[in-house]
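Asks: Before we start, here is the structure in question, set down as structure tokens.
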Amino acid sequence: MISLLICVLVTLSLNFKIGKIPALGKFMSPFQGSWQNAEKDRGSNKMKFNMAGLKSPVEVFYDDRCVPHIFAENEQDLYFAQGFVTAGSRLWQMDFQSRLPSGRLSEVLGERLLPVDRKMRRLGLDFAADEALKFIDSQPKIKTLLRSYVAGVNAYIAQLSPKDYPLEFKLLDYTPENWTLKKIALLQKSMGHNLASWDRDLENTQALELIGRDLFEEVYRMHWPNEEPIVPDFNLDGEAKRDTMSSPIPMIPKWKKEPKPEDNSNTEVGSNNWAVAPSKTKSGNSILANDPHLQLTLPSIWFETHLNCPGQNVYGVTLPGSPGVIIGYNDQIAWGVTNGERDVRDWYKIKFENSTRKKYFHDNQWKEVRQEIQTFKVRGEKDFVDTLLFTHHGPITYDRNFPLEGAESSTPLASQWTLHKPSNEWSTFYALNKAKTYDEYRAALDGFDNPGQNFAFASGTGDIAISHTGKYPILNADESLFLSDGDDPANDWSGYVPKSENPYHKNPERGFVSSANQVPADSLYPYFYSGNFEYYRNRRINKVLGAAAAIDPSSMQNLQNDNQSGLALEVLGRMQELLDEGDISENGEKALQLLEEWNYMNDADLQAPALFEVWWAHVYDAFWAELIHQDKTVDKPEDHTTAQFLIHADRYLKHADVLPVHEKDLKEIVTEGFNEMVSERCVGDWEEDLKWWKEKGTDIKHLARIEAFSIMDVEVGGSRNTVNAITPVTGPSWRMVVEMSSPPKGYGVYPGGQSGNPGSPYYNDQVETWRKGEYYELDASTDLNYWKSKSKKMQILSPL
Amino acid sequence: MRFLISILILFVAGFALQIFTPWWSIVILAFFVSGFLNRNAGLAFIAGLIGVYLLWTGYVFILDNQILSEKLAGLFGLPSGLILKLVSGLVAAIPSAIASMSGSWFFDLFRDQQVRPELELNSEPEVQ
């Protein structure tokens with residue numbers, strides 16, 4: 001009997017997930033478990049599916065990288081098949097990524113994710129997705145197409161048996177749920193959160209109090225004399241249209257210890273795009289290039305797809321879970337995006353009538369608070385219930401139940417964010433997928449609100465253009481940069497910049513358009529804006545494009561992989577000048593020699609970039625030591641700001657009390673930084689072992705941070721200040737170059753693979769090509785016979 | 001003989017059963033098959049272990065594509081996919097072995113009652 005008991009206990013324990021250990025019996029079973037996910041190439045194979053929801057048959061051909069080429073007879077079937085096919089490769093990713101914005105991670109990962117979930121709901125992402133859905137109700141055409149995509153995903157899920165579930169479902173022991181319109185909206189809002197949540201209201205308010213307005217305006221300035229705006233001379237003739245009302249800045253709660261006011265992890269996210277006019281290319285066709293720098297993950301953010309039906313033939317990358325191509329080209333036009341980087345969120349301090357929190361003060365009266373009960377399912381625990389409070393500004397994120405981390409008091413803070421406003425970004429991509437002309441491209445951008453993007457454009461007829469797109473509130477500086485009093489109507493947004501007044505230009509004289517997250521327009525642009533703007537990459541791109549002639553796709557690929565560090569180019573000379581060489585060890589001499597011979601390229605195998613970056617980090621920390629270490633709640637100043645302070649130190653002498661701007665002080669921190677760098681890095685076999693890629697440590701991590709499914713320490717160069725902007729966690733998530741010949745010739749690669757299954761040969765097969773800076777030829781052929789003879793795997797989806 | 005038959009039945013019937021039922025059905029099968037056929041609890045244990053181990057491990061080797069096993073080995077902190085493949089059969093084999101042993105003892109409860117009269121019959125002629 002005892003042995004029977006032991007047997008039952010052992011079996012039971014192997015049948016359930018215990019902590020982080022998967023349900024071993026289920027998971028290791030070759031019949032239902034993970035081994036079923038070992039994908040093999042089975043020679044040629046043809047699969048037929050009969051399913052409700054289709055009007056006509058759809059043919060899907062997979063090429064040798066497993067890119068689906070989908071041929072349908074109408075748009076609804078096309079999106080249905082896109083849903084079906086995408087789910088076939090990326091179902092778990094879709095599920096997981098839609099859980100984050102909706103605050104539903106603890107449902108599958110347990111209590112430790114509850115704070116993340118609560119924050120997402122309190123930031124209003126789930127609320128924003130609901131708002132977007134209401135808006136889509138008024139756009140029946142788009143709604144029908146979104147529904148087709150959803151039906152396609154669900155048709156795929158319906159024909160799965162548990163043994164076919166993606167590996168991660170088995171590992172985390174849960175089952176896929178049906179796809180919905182809401183999940184499409186959630187993914188869109190998640191992208192908005194990733195790209196358009198940059199604001200520094202709380203940090204700035206703290207900084208202002210700490211260093212005063214004079215220094216604040218120097219340390220956190222947006223415009224620099226050398227800046228090269230995306231649209232250089234955007235002329236809106238007329239005086240300032242910004243709202244000039246200015247109100248006193250409220251004091252904010254004091255922090256006790258290292259608070260983290262907002263998730264500031266996304267500052268490395270950025271992108272490049274450009275288009276070159278026929279006058280500058282070898283072939284006389286325009287060329288477009290785009291590389292969005294996002295989190296490096298497996299499965300990749302992108303899924304490559306070719307969509308064809310009467311009226312459209314479009315190729316590019318899609319976001320798993322959402323219909324259409326996001327970045328790509330069709331037979332007539334190509335387009336690509338970079339992040340607009342503008343601050344579109346403002347924080348307000350809220351005053352409640354009393355502790356029931358039913359009313360808040362605004363415009364001299366007590367107004368109703370809308371209360372919403374939020375329930376969180378938590379794996380292995382009881383449900384957690386939270387109350388969400390809404391003001392007319394937006395949801396209250398921080399309050400007594402969810403205080404700002406590290407804050408002494410729990411002042412309620414609400415945010416107003418363009419992300420919360422109803423919008424329909426799919427209308428833009430749907431229209432771009434089919435657009436044939438510049439005018440159709442411009443019209444497509446009308447519906448695009450958030451996250452604000454720079455859309456570059458090139459056409460087969462030789463037009464090039466770039467448009468800074470999005471919904472931007474009309475702001476005054478103080479309201480936008482700092483925490484505002486929520487009771488003063490003067491602090492409310494007074495309206496939005498008309499879309500026609502967002503900077504854009506077409507066929508400029510210089511023969512190219514470009515953007516790399518820099519300021520969209522110069523300081524004469526009549527609307528106030530702030531943001532997380534880039535300073536080095538964009539100028540390198542403009543310099544190379546400006547000087548180039550007879551451009552071809554391969555020279556554009558080289559530019560995407562360019563490792564020249566604008567920061568080093570600008571500041572290394574000054575650092576060498578300040579270095580006191582009397583005080584240097586033998587290894588230091590060698591290091592200095594390497595730096596003197598360096599060409600400023602952050603190439604993977606060089607020592608010099610590692611030496612420079614470490615040295616720079618020490619100088620940076622020492623330079624801001626007093627400012628930052630005094631109070632860690634202020635935002636870290638930009639590298640390029642720091643470089644300007646170093647180079648033009650004499651301009652800042654009046655701030656010598658808090659910053660080491662005297663030549664003597666600078667010499668000291670630069671020399672000390674150098675010696676620290678030498679003592680840390682120039683040890684042992686450093687001349688052999690020290691490499692930039694090792695120093696940097698770029699990882700491509702699995703979405704659930706499972707290390708066995710990740711690729712660690714990828715041998716790549718680049719930095720956040722190079723065109724090839726590969727940082728430890730972000731980088732070119734898709735590199736695309738398209739020459740607009742007839743038909744267009746596309747080249748592309750991304751750091752991952754088409755399959756989301758870690759057990760598939762297509763899980764990470766493109767990483768090595770990406771690492772080496774090479775490209776695949778993209779094939780948007782419309783010839784069905786060609787695909788029939790070429791592809792080994794095909795699927796035929798037929799109506800019932 | 002019964003020992004070998006029980007291994008064979010576990011292997012064949014186990015395969016058919018496992019395609020349609022959860023993984024733990026093999027443990028129940030082992031309890032009945034190996035437990036019923038093997039009077040010696042030790043032999044039952046070994047039959048359950050071998051039969052189920054061969055079934056699972058064999059199928060794992062057929063399914064694997066050398067990519068998955070390496071990833072899963074990393075997940076469990078094992079040095080190679082081969083080791084994981086060799087170990088993974090034990091997940092079902094060990095509970096099945098214990099089940100077989102339990103089964104053997106369990107069926108003994110009934111066997112004893114049937115066997116005793118037989119022994120008495122056999123002993124009678126000796127007395128004469």
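Chain lettering (A, B, ...) mirrors the order of the structure tokens, residue numbering begins at 1 for each chain separately, and ligand numbering begins at 1 in order of display.
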Write out as a ChimeraX atom specification which residues come within 7 Å of Ala516 in chain A when counting only C-alpha atoms, dropping same-chain ones fewer than 6 positions away.

Replies: /A:271-273,338,534,537-538

Asks: Write the residues you've just listed into a file as a PDB file, in the first residue's frame, and include all heavy atoms for each of them.

Replies:
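Just written: out-v2.pdb:
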```
ATOM      1  N   SER A 271      15.511  54.160 -34.466  1.00  0.00           N
ATOM      2  CA  SER A 271      15.460  53.599 -35.815  1.00  0.00           C
ATOM      3  C   SER A 271      16.123  54.550 -36.810  1.00  0.00           C
ATOM      4  O   SER A 271      16.319  55.717 -36.508  1.00  0.00           O
ATOM      5  CB  SER A 271      14.018  53.392 -36.277  1.00  0.00           C
ATOM      6  OG  SER A 271      13.256  52.757 -35.301  1.00  0.00           O
ATOM      7  N   ASN A 272      16.433  54.017 -37.989  1.00  0.00           N
ATOM      8  CA  ASN A 272      16.870  54.853 -39.109  1.00  0.00           C
ATOM      9  C   ASN A 272      15.967  54.580 -40.293  1.00  0.00           C
ATOM     10  O   ASN A 272      15.561  53.450 -40.523  1.00  0.00           O
ATOM     11  CB  ASN A 272      18.285  54.491 -39.574  1.00  0.00           C
ATOM     12  CG  ASN A 272      19.285  54.436 -38.440  1.00  0.00           C
ATOM     13  OD1 ASN A 272      19.327  55.322 -37.597  1.00  0.00           O
ATOM     14  ND2 ASN A 272      20.099  53.390 -38.415  1.00  0.00           N
ATOM     15  N   ASN A 273      15.674  55.615 -41.081  1.00  0.00           N
ATOM     16  CA  ASN A 273      15.140  55.368 -42.413  1.00  0.00           C
ATOM     17  C   ASN A 273      15.581  56.496 -43.343  1.00  0.00           C
ATOM     18  O   ASN A 273      15.901  57.597 -42.891  1.00  0.00           O
ATOM     19  CB  ASN A 273      13.616  55.180 -42.423  1.00  0.00           C
ATOM     20  CG  ASN A 273      12.835  56.399 -41.989  1.00  0.00           C
ATOM     21  OD1 ASN A 273      13.391  57.473 -41.792  1.00  0.00           O
ATOM     22  ND2 ASN A 273      11.541  56.246 -41.816  1.00  0.00           N
ATOM     23  N   THR A 338      10.438  55.306 -38.567  1.00  0.00           N
ATOM     24  CA  THR A 338      11.275  55.470 -37.378  1.00  0.00           C
ATOM     25  C   THR A 338      10.400  56.111 -36.310  1.00  0.00           C
ATOM     26  O   THR A 338       9.377  56.715 -36.622  1.00  0.00           O
ATOM     27  CB  THR A 338      12.491  56.387 -37.626  1.00  0.00           C
ATOM     28  OG1 THR A 338      12.016  57.708 -37.921  1.00  0.00           O
ATOM     29  CG2 THR A 338      13.344  55.889 -38.767  1.00  0.00           C
ATOM     30  N   GLU A 534      17.682  62.050 -30.900  1.00  0.00           N
ATOM     31  CA  GLU A 534      18.992  61.493 -31.211  1.00  0.00           C
ATOM     32  C   GLU A 534      19.871  62.589 -31.796  1.00  0.00           C
ATOM     33  O   GLU A 534      19.378  63.539 -32.406  1.00  0.00           O
ATOM     34  CB  GLU A 534      18.787  60.357 -32.216  1.00  0.00           C
ATOM     35  CG  GLU A 534      19.887  59.334 -32.263  1.00  0.00           C
ATOM     36  CD  GLU A 534      21.050  59.760 -33.111  1.00  0.00           C
ATOM     37  OE1 GLU A 534      20.848  60.559 -34.043  1.00  0.00           O
ATOM     38  OE2 GLU A 534      22.183  59.325 -32.842  1.00  0.00           O
ATOM     39  N   ARG A 537      23.613  59.604 -34.904  1.00  0.00           N
ATOM     40  CA  ARG A 537      23.314  58.737 -36.050  1.00  0.00           C
ATOM     41  C   ARG A 537      22.810  59.538 -37.236  1.00  0.00           C
ATOM     42  O   ARG A 537      23.227  59.361 -38.372  1.00  0.00           O
ATOM     43  CB  ARG A 537      22.234  57.725 -35.664  1.00  0.00           C
ATOM     44  CG  ARG A 537      22.724  56.475 -34.995  1.00  0.00           C
ATOM     45  CD  ARG A 537      21.560  55.515 -34.802  1.00  0.00           C
ATOM     46  NE  ARG A 537      20.663  55.885 -33.722  1.00  0.00           N
ATOM     47  CZ  ARG A 537      19.371  56.062 -33.840  1.00  0.00           C
ATOM     48  NH1 ARG A 537      18.769  55.918 -35.006  1.00  0.00           N
ATOM     49  NH2 ARG A 537      18.637  56.386 -32.803  1.00  0.00           N
ATOM     50  N   ASN A 538      21.872  60.449 -36.968  1.00  0.00           N
ATOM     51  CA  ASN A 538      21.217  61.171 -38.061  1.00  0.00           C
ATOM     52  C   ASN A 538      22.215  61.998 -38.856  1.00  0.00           C
ATOM     53  O   ASN A 538      22.140  62.094 -40.076  1.00  0.00           O
ATOM     54  CB  ASN A 538      20.065  62.018 -37.512  1.00  0.00           C
ATOM     55  CG  ASN A 538      20.513  63.208 -36.684  1.00  0.00           C
ATOM     56  OD1 ASN A 538      20.835  64.260 -37.220  1.00  0.00           O
ATOM     57  ND2 ASN A 538      20.544  63.059 -35.366  1.00  0.00           N
TER      58      ASN A 538
END
```

Asks: Please check the contacts: residues of chain A at most 6 Å away from chain B, using only C-alpha atoms, listed as a count of residues only.

Replies: 8

Asks: Identify all residues of range 555-705 of chain A in strand (DSSP E) (DSSP on the backbone) and supply them as a ChimeraX atom specification.

Replies: /A:698-702

Asks: Take the residues from that selection and put them in a file with C-alpha atoms, as a tab-separated table (two decimals), in the first residue's frame.

Replies:
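Contents of part04.tsv, freshly written:
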```tsv
chain	number	residue	atom	x	y	z
A	698	THR	CA	24.58	41.89	-26.84
A	699	ASP	CA	21.95	39.24	-26.07
A	700	ILE	CA	18.96	38.18	-28.13
A	701	LYS	CA	16.70	36.97	-25.36
A	702	HIS	CA	13.67	34.76	-25.47
```

Asks: For the helix (DSSP H, G or I) assignment from backbone DSSP, which residues of range 40-101 of chain B qualify? Please present them as a VMD selection string.

Replies: chain B and resid 41 to 63 68 to 75 81 to 88 90 to 101

Asks: Please identify all polymer residues within 9 Å of Phe107 in chain B, counting only C-alpha atoms, omitting same-chain residues fewer than 2 positions from it, and present them as a ChimeraX atom specification.

Replies: /B:32,35-36,39,102-105,109-112

Asks: Where does range 249-351 of chain A meet range 181-200 of chain A within 7 Å, residue by residue, with the nearest atom pair and distance in Å to one decimal for each, counting only C-alpha atoms, listed by chain and rising number, as a tab-separated table?

Replies:
```
residue	atom	partner	partner_atom	distance
A:Asn266	CA	A:Asn194	CA	6.7
A:Gly321	CA	A:Ile184	CA	6.1
A:Ser322	CA	A:Ile184	CA	5.6
A:Asn339	CA	A:Leu195	CA	6.7
A:Glu341	CA	A:Ala196	CA	6.6
A:Asp343	CA	A:Asp199	CA	5.4
A:Val344	CA	A:Ala196	CA	6.8
A:Arg345	CA	A:Asp199	CA	6.3
```

Asks: Which residues are close to range 517-533 of chain A, i.e. within 8 Å by only C-alpha atoms, leaving aside same-chain residues fewer than 5 positions away? Reply as a PyMOL selection string.

Replies: chain A and resi 198-199+222-223+227-236+238-242+267+270-272+338-343+468+474-477+480-481+497+503+538

Asks: Within 9 Å of Gly14 in chain B, counting only C-alpha atoms, which residues show up once you throw out same-chain ones fewer than 4 positions away? Write them as a ChimeraX atom specification, please.

Replies: /B:9-10,18-19,25-26,29-30,51-52,55

Asks: Give me the residues within 9 Å of Lys745 in chain A as a list in words, counting only C-alpha atoms and dropping any in the same chain fewer than 3 places off.

Replies: Pro553, Val737, Val738, Glu739, Met740, Ser741, Ser742, Glu777, Leu778, Asp779 and Ala780 of chain A

Asks: Restricting it to N, CA and C atoms, dump the selection as a PDB file, in the first residue's frame.

Replies:
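Okay, result.pdb is ready:
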```pdb
ATOM      1  N   PRO A 553      21.922  49.491 -53.976  1.00  0.00           N
ATOM      2  CA  PRO A 553      21.449  48.859 -52.732  1.00  0.00           C
ATOM      3  C   PRO A 553      22.592  48.429 -51.818  1.00  0.00           C
ATOM      4  N   VAL A 737      16.360  47.170 -47.490  1.00  0.00           N
ATOM      5  CA  VAL A 737      16.732  48.114 -48.536  1.00  0.00           C
ATOM      6  C   VAL A 737      15.920  47.727 -49.767  1.00  0.00           C
ATOM      7  N   VAL A 738      15.222  48.699 -50.370  1.00  0.00           N
ATOM      8  CA  VAL A 738      14.407  48.397 -51.548  1.00  0.00           C
ATOM      9  C   VAL A 738      14.756  49.365 -52.664  1.00  0.00           C
ATOM     10  N   GLU A 739      15.114  48.801 -53.795  1.00  0.00           N
ATOM     11  CA  GLU A 739      15.308  49.628 -54.980  1.00  0.00           C
ATOM     12  C   GLU A 739      14.010  49.603 -55.782  1.00  0.00           C
ATOM     13  N   MET A 740      13.476  50.791 -56.105  1.00  0.00           N
ATOM     14  CA  MET A 740      12.157  50.866 -56.731  1.00  0.00           C
ATOM     15  C   MET A 740      12.226  50.729 -58.243  1.00  0.00           C
ATOM     16  N   SER A 741      12.854  49.634 -58.687  1.00  0.00           N
ATOM     17  CA  SER A 741      12.833  49.301 -60.107  1.00  0.00           C
ATOM     18  C   SER A 741      11.464  48.688 -60.406  1.00  0.00           C
ATOM     19  N   SER A 742      11.278  48.166 -61.596  1.00  0.00           N
ATOM     20  CA  SER A 742       9.992  47.564 -61.909  1.00  0.00           C
ATOM     21  C   SER A 742      10.202  46.131 -62.383  1.00  0.00           C
ATOM     22  N   GLU A 777      17.754  38.212 -50.510  1.00  0.00           N
ATOM     23  CA  GLU A 777      16.942  38.854 -51.538  1.00  0.00           C
ATOM     24  C   GLU A 777      15.483  38.548 -51.248  1.00  0.00           C
ATOM     25  N   LEU A 778      14.670  39.570 -51.258  1.00  0.00           N
ATOM     26  CA  LEU A 778      13.247  39.373 -50.972  1.00  0.00           C
ATOM     27  C   LEU A 778      12.537  39.119 -52.297  1.00  0.00           C
ATOM     28  N   ASP A 779      11.583  38.208 -52.256  1.00  0.00           N
ATOM     29  CA  ASP A 779      10.982  37.750 -53.498  1.00  0.00           C
ATOM     30  C   ASP A 779       9.468  37.951 -53.447  1.00  0.00           C
ATOM     31  N   ALA A 780       8.986  38.949 -54.166  1.00  0.00           N
ATOM     32  CA  ALA A 780       7.551  39.227 -54.179  1.00  0.00           C
ATOM     33  C   ALA A 780       6.948  38.848 -55.530  1.00  0.00           C
TER      34      ALA A 780
END
```

Asks: With distances taken over only C-alpha atoms, which residue among A:Asp137, A:Asp562, A:Asp765, A:Asp621 lies nearest Arg720 in chain A?

Replies: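 Using only C-alpha atoms, Arg720 in chain A sits closest to A:Asp562.
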
Asks: To one decimal in Å, tell me the separation between CA of Thr769 in chain A and CA of Asp331 in chain A.

Replies: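 According to the coordinates, CA of Thr769 in chain A and CA of Asp331 in chain A are separated by 26.1 Å.
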
Asks: Could you jot down the CA of Ile333 in chain A to CA of Glu440 in chain A separation for me, Å, one decimal place?

Replies: 10.1 Å

Asks: Excluding range 55-62 of chain A and any residue of its chain fewer than 4 positions from it, enumerate the residues within 7 Å of it, using only C-alpha atoms, and give them as a VMD selection string.

Replies: chain A and resid 66 to 73 77 787 791 to 799

Asks: Go ahead and write the residues just picked, all heavy atoms, as a compact mmCIF listing (two decimals), in the first residue's frame.

Replies:
```txt
# COMPACT_ATOMS: atom_id res chain seq x y z
N CYS A 66 11.16 29.90 -45.03
CA CYS A 66 9.85 29.72 -44.41
C CYS A 66 9.00 31.00 -44.41
O CYS A 66 8.10 31.16 -43.59
CB CYS A 66 9.99 29.18 -42.98
SG CYS A 66 8.84 27.88 -42.65
N VAL A 67 9.30 31.90 -45.34
CA VAL A 67 8.45 33.10 -45.51
C VAL A 67 7.20 32.68 -46.28
O VAL A 67 7.32 32.08 -47.35
CB VAL A 67 9.19 34.20 -46.29
CG1 VAL A 67 8.28 35.39 -46.54
CG2 VAL A 67 10.47 34.61 -45.58
N PRO A 68 6.01 32.97 -45.74
CA PRO A 68 4.79 32.60 -46.47
C PRO A 68 4.48 33.60 -47.57
O PRO A 68 4.58 34.81 -47.38
CB PRO A 68 3.72 32.64 -45.39
CG PRO A 68 4.22 33.61 -44.37
CD PRO A 68 5.72 33.54 -44.42
N HIS A 69 4.14 33.07 -48.74
CA HIS A 69 3.67 33.89 -49.86
C HIS A 69 2.21 33.52 -50.05
O HIS A 69 1.90 32.41 -50.46
CB HIS A 69 4.51 33.60 -51.11
CG HIS A 69 5.98 33.85 -50.88
ND1 HIS A 69 6.60 35.01 -51.29
CD2 HIS A 69 6.94 33.12 -50.26
CE1 HIS A 69 7.88 34.98 -50.93
NE2 HIS A 69 8.10 33.84 -50.30
N ILE A 70 1.33 34.44 -49.69
CA ILE A 70 -0.09 34.13 -49.60
C ILE A 70 -0.83 34.71 -50.80
O ILE A 70 -0.75 35.91 -51.06
CB ILE A 70 -0.69 34.70 -48.30
CG1 ILE A 70 0.11 34.20 -47.09
CG2 ILE A 70 -2.16 34.33 -48.16
CD1 ILE A 70 -0.32 34.79 -45.76
N PHE A 71 -1.53 33.85 -51.53
CA PHE A 71 -2.29 34.29 -52.70
C PHE A 71 -3.77 34.03 -52.47
O PHE A 71 -4.20 32.89 -52.37
CB PHE A 71 -1.80 33.56 -53.96
CG PHE A 71 -0.41 33.97 -54.36
CD1 PHE A 71 0.71 33.41 -53.77
CD2 PHE A 71 -0.23 34.96 -55.32
CE1 PHE A 71 1.99 33.81 -54.12
CE2 PHE A 71 1.06 35.35 -55.70
CZ PHE A 71 2.16 34.78 -55.09
N ALA A 72 -4.55 35.11 -52.40
CA ALA A 72 -5.99 35.00 -52.16
C ALA A 72 -6.74 35.70 -53.27
O ALA A 72 -6.16 36.44 -54.06
CB ALA A 72 -6.34 35.61 -50.81
N GLU A 73 -8.05 35.46 -53.30
CA GLU A 73 -8.84 36.07 -54.37
C GLU A 73 -9.56 37.33 -53.93
O GLU A 73 -10.16 38.04 -54.74
CB GLU A 73 -9.83 35.05 -54.94
CG GLU A 73 -9.09 34.05 -55.83
CD GLU A 73 -9.97 32.91 -56.30
OE1 GLU A 73 -11.19 33.09 -56.39
OE2 GLU A 73 -9.40 31.83 -56.57
N ASP A 77 -10.29 37.12 -47.50
CA ASP A 77 -9.61 35.83 -47.46
C ASP A 77 -8.12 36.01 -47.22
O ASP A 77 -7.47 35.20 -46.55
CB ASP A 77 -9.82 35.09 -48.79
CG ASP A 77 -11.23 34.52 -48.91
OD1 ASP A 77 -11.98 34.60 -47.90
OD2 ASP A 77 -11.58 34.02 -49.99
N TRP A 787 6.10 29.82 -57.93
CA TRP A 787 6.05 29.40 -56.53
C TRP A 787 5.74 27.91 -56.40
O TRP A 787 6.26 27.24 -55.52
CB TRP A 787 5.01 30.23 -55.76
CG TRP A 787 5.51 31.63 -55.51
CD1 TRP A 787 4.99 32.79 -56.00
CD2 TRP A 787 6.65 32.00 -54.74
NE1 TRP A 787 5.73 33.85 -55.58
CE2 TRP A 787 6.76 33.40 -54.81
CE3 TRP A 787 7.60 31.29 -54.01
CZ2 TRP A 787 7.77 34.11 -54.18
CZ3 TRP A 787 8.62 31.99 -53.37
CH2 TRP A 787 8.69 33.39 -53.46
N SER A 791 8.56 26.14 -54.14
CA SER A 791 8.42 25.95 -52.70
C SER A 791 8.20 24.49 -52.35
O SER A 791 7.49 23.76 -53.04
CB SER A 791 7.27 26.81 -52.17
OG SER A 791 6.06 26.38 -52.72
N LYS A 792 8.85 24.11 -51.24
CA LYS A 792 8.75 22.72 -50.79
C LYS A 792 7.49 22.51 -49.96
O LYS A 792 6.92 21.44 -49.94
CB LYS A 792 9.97 22.36 -49.94
CG LYS A 792 11.18 22.01 -50.80
CD LYS A 792 12.30 21.40 -49.98
CE LYS A 792 12.90 22.40 -49.04
NZ LYS A 792 14.05 21.89 -48.29
N LYS A 793 7.11 23.56 -49.27
CA LYS A 793 5.94 23.40 -48.40
C LYS A 793 4.84 24.32 -48.88
O LYS A 793 5.08 25.50 -49.13
CB LYS A 793 6.34 23.76 -46.96
CG LYS A 793 5.24 23.59 -45.95
CD LYS A 793 5.70 24.05 -44.57
CE LYS A 793 4.52 24.19 -43.62
NZ LYS A 793 4.86 24.92 -42.41
N MET A 794 3.66 23.78 -49.06
CA MET A 794 2.54 24.66 -49.39
C MET A 794 1.28 24.26 -48.66
O MET A 794 1.12 23.11 -48.24
CB MET A 794 2.34 24.75 -50.90
CG MET A 794 1.62 23.61 -51.56
SD MET A 794 1.39 23.98 -53.33
CE MET A 794 -0.15 24.85 -53.32
N GLN A 795 0.41 25.23 -48.45
CA GLN A 795 -0.86 24.98 -47.79
C GLN A 795 -1.98 25.49 -48.68
O GLN A 795 -1.86 26.56 -49.28
CB GLN A 795 -0.93 25.73 -46.44
CG GLN A 795 0.05 25.21 -45.41
CD GLN A 795 0.12 26.11 -44.17
OE1 GLN A 795 -0.08 27.31 -44.25
NE2 GLN A 795 0.42 25.51 -43.03
N ILE A 796 -3.03 24.71 -48.77
CA ILE A 796 -4.21 25.18 -49.49
C ILE A 796 -5.35 25.29 -48.50
O ILE A 796 -5.72 24.31 -47.84
CB ILE A 796 -4.57 24.22 -50.64
CG1 ILE A 796 -3.42 24.18 -51.64
CG2 ILE A 796 -5.86 24.67 -51.33
CD1 ILE A 796 -3.57 23.15 -52.71
N LEU A 797 -5.87 26.49 -48.34
CA LEU A 797 -7.00 26.70 -47.46
C LEU A 797 -8.24 26.82 -48.32
O LEU A 797 -8.31 27.68 -49.20
CB LEU A 797 -6.83 27.97 -46.63
CG LEU A 797 -5.45 28.27 -46.02
CD1 LEU A 797 -5.48 29.55 -45.22
CD2 LEU A 797 -4.98 27.12 -45.15
N SER A 798 -9.21 25.93 -48.08
CA SER A 798 -10.41 25.95 -48.92
C SER A 798 -11.64 26.19 -48.07
O SER A 798 -11.70 25.77 -46.91
CB SER A 798 -10.59 24.61 -49.62
OG SER A 798 -9.42 24.26 -50.27
N PRO A 799 -12.64 26.85 -48.68
CA PRO A 799 -13.90 27.03 -47.95
C PRO A 799 -14.56 25.67 -47.73
O PRO A 799 -14.30 24.74 -48.49
CB PRO A 799 -14.76 27.88 -48.88
CG PRO A 799 -13.93 28.19 -50.08
CD PRO A 799 -12.69 27.40 -50.03
```

Asks: May I ask which of the residues A:Gln295, A:Gln76, A:Ser789, A:Thr782 is the closest one to Val314 in chain A, counting only C-alpha atoms?

Replies: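 Smallest distance to Val314 in chain A is found for A:Thr782.
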
Asks: Could you tell me how far CA of Gln607 in chain A lies from CA of Glu676 in chain A, in Å and to one decimal?

Replies: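 These atoms are spaced 16.2 Å apart.
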